[in-house]
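Just model-v5.pdb here, PDB, C-alpha atoms:
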```pdb
ATOM      1  CA  MET A   1       5.760   3.036 -21.353
ATOM      2  CA  LYS A   2       5.320  -0.206 -19.473
ATOM      3  CA  ASP A   3       9.000  -1.054 -20.001
ATOM      4  CA  LEU A   4      10.079   2.289 -18.569
ATOM      5  CA  LEU A   5       7.935   1.757 -15.480
ATOM      6  CA  ILE A   6       9.272  -1.766 -14.981
ATOM      7  CA  LYS A   7      12.863  -0.509 -15.034
ATOM      8  CA  ILE A   8      12.124   2.296 -12.570
ATOM      9  CA  VAL A   9      10.199   0.175 -10.077
ATOM     10  CA  GLN A  10      12.619  -2.767 -10.200
ATOM     11  CA  ALA A  11      15.489  -0.400  -9.438
ATOM     12  CA  LEU A  12      13.687   0.837  -6.318
ATOM     13  CA  VAL A  13      12.611  -2.426  -4.653
ATOM     14  CA  ASP A  14      14.453  -5.225  -2.860
ATOM     15  CA  ASN A  15      12.485  -7.976  -4.651
ATOM     16  CA  PRO A  16      12.469  -7.003  -8.338
ATOM     17  CA  GLU A  17      11.206 -10.423  -9.417
ATOM     18  CA  GLN A  18       7.877  -9.762  -7.638
ATOM     19  CA  VAL A  19       7.095  -6.584  -9.591
ATOM     20  CA  GLN A  20       3.946  -6.971 -11.685
ATOM     21  CA  ILE A  21       2.586  -4.281 -13.973
ATOM     22  CA  ASN A  22      -0.796  -4.482 -15.651
ATOM     23  CA  GLU A  23      -1.611  -2.078 -18.485
ATOM     24  CA  ILE A  24      -5.246  -1.124 -19.076
ATOM     25  CA  GLU A  25      -5.668   0.885 -22.253
ATOM     26  CA  GLY A  26      -8.628   3.144 -22.938
ATOM     27  CA  SER A  27      -9.358   5.548 -25.766
ATOM     28  CA  GLN A  28      -7.538   8.526 -24.230
ATOM     29  CA  THR A  29      -5.931   7.148 -21.074
ATOM     30  CA  VAL A  30      -3.696   4.264 -20.108
ATOM     31  CA  VAL A  31      -3.782   3.005 -16.524
ATOM     32  CA  LEU A  32      -0.642   1.271 -15.293
ATOM     33  CA  GLU A  33      -1.284  -0.845 -12.192
ATOM     34  CA  VAL A  34       1.811  -1.707 -10.170
ATOM     35  CA  LYS A  35       1.953  -4.589  -7.699
ATOM     36  CA  VAL A  36       5.001  -5.159  -5.499
ATOM     37  CA  ALA A  37       5.766  -7.195  -2.395
ATOM     38  CA  LYS A  38       4.292  -5.770   0.823
ATOM     39  CA  SER A  39       7.768  -5.125   2.193
ATOM     40  CA  ASP A  40       8.604  -3.021  -0.885
ATOM     41  CA  MET A  41       5.441  -0.915  -0.854
ATOM     42  CA  GLY A  42       7.054   1.890   1.136
ATOM     43  CA  MET A  43       9.970   2.118  -1.285
ATOM     44  CA  VAL A  44       7.656   2.675  -4.248
ATOM     45  CA  ILE A  45       5.468   5.222  -2.450
ATOM     46  CA  GLY A  46       8.277   7.023  -0.623
ATOM     47  CA  LYS A  47       8.080   9.507   2.224
ATOM     48  CA  GLN A  48       4.873  11.518   1.933
ATOM     49  CA  GLY A  49       4.352  10.008  -1.536
ATOM     50  CA  LYS A  50       7.289  11.835  -3.080
ATOM     51  CA  THR A  51       8.669   8.820  -4.962
ATOM     52  CA  ALA A  52       5.237   7.957  -6.393
ATOM     53  CA  HIS A  53       4.776  11.587  -7.419
ATOM     54  CA  ALA A  54       8.180  11.580  -9.151
ATOM     55  CA  ILE A  55       7.308   8.392 -11.051
ATOM     56  CA  ARG A  56       4.013   9.955 -12.163
ATOM     57  CA  THR A  57       5.909  13.035 -13.353
ATOM     58  CA  LEU A  58       8.259  10.877 -15.428
ATOM     59  CA  LEU A  59       5.306   9.011 -16.953
ATOM     60  CA  ASN A  60       3.601  12.282 -17.890
ATOM     61  CA  ALA A  61       6.778  13.618 -19.483
ATOM     62  CA  ALA A  62       7.417  10.405 -21.419
ATOM     63  CA  SER A  63       3.810  10.095 -22.594
ATOM     64  CA  GLY A  64       3.838  13.429 -24.407
ATOM     65  CA  LYS A  65       4.564  11.815 -27.765
ATOM     66  CA  THR A  66       1.881   9.127 -27.446
ATOM     67  CA  GLY A  67      -1.025  11.546 -27.167
ATOM     68  CA  LYS A  68      -2.548   9.536 -24.315
ATOM     69  CA  ARG A  69      -2.569  10.288 -20.612
ATOM     70  CA  HIS A  70      -0.821   7.699 -18.455
ATOM     71  CA  MET A  71      -1.991   7.136 -14.896
ATOM     72  CA  LEU A  72      -0.150   5.203 -12.189
ATOM     73  CA  GLU A  73      -2.028   3.064  -9.681
ATOM     74  CA  ILE A  74      -0.109   1.346  -6.883
ATOM     75  CA  LEU A  75      -1.982  -1.755  -5.714
ATOM     76  CA  GLU A  76      -1.530  -3.654  -2.471
TER      77      GLU A  76
END
```

Written as structure tokens, how would this file's structure read?
Amino acid sequence: MKDLLIKIVQALVDNPEQVQINEIEGSQTVVLEVKVAKSDMGMVIGKQGKTAHAIRTLLNAASGKTGKRHMLEILE
């Protein structure tokens, strides 16, 4: 799941080398923390949060087979 998120976020930003993703795994949930450059923050969030919502939708659809809930956190 982390690899999928890396591909998506790197395709969106201007500085793909500064994308950092930290995966925190619990018993039933997995939290994926995304850090990007400050100038790229708006590209990941999108207008009115639509891009972030779309990424979360993709993560939920892809996580169906794993049996765990994946949550996306965008860090500054």

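Excluding Leu59 in chain A itself and any same-chain residue fewer than 5 positions from it, the protein and nucleic acid residues within 12 Å of it, counting all atoms listed in the file, are Met1, Lys2, Asp3, Leu4, Leu5, Ile6, Ile8, Val30, Val31, Leu32, Ala52, His53, Ala54, Gly64, Lys65, Thr66, Lys68, Arg69, His70, Met71, Leu72 and Glu73 of chain A.
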
Rank A:Lys7, A:Ile55, A:Val13, A:Glu23 by their smallest atom-to-atom distance to Met41 in chain A, using all atoms listed in the file, and report the top residue only.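 Of all the options, A:Val13 lies closest to Met41 in chain A.
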
Taking (9.8, -2.8, 0.8) in the file's own coordinates, collect the residues within 12 Å, counting all atoms listed in the file, and hand them back as a list in words.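 Taken together, the residues in range are Val9, Gln10, Ala11, Leu12, Val13, Asp14, Asn15, Pro16, Gln18, Val19, Lys35, Val36, Ala37, Lys38, Ser39, Asp40, Met41, Gly42, Met43, Val44, Ile45, Gly46 and Glu76 of chain A.
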
Please compute the CA of Ile74 in chain A-CA of Thr51 in chain A distance, one decimal, in Å.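 So the answer is 11.7 Å.
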
CA of Thr29 in chain A and CA of Gly49 in chain A are how many Å apart?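 Distance reported for this atom pair: 22.3 Å.
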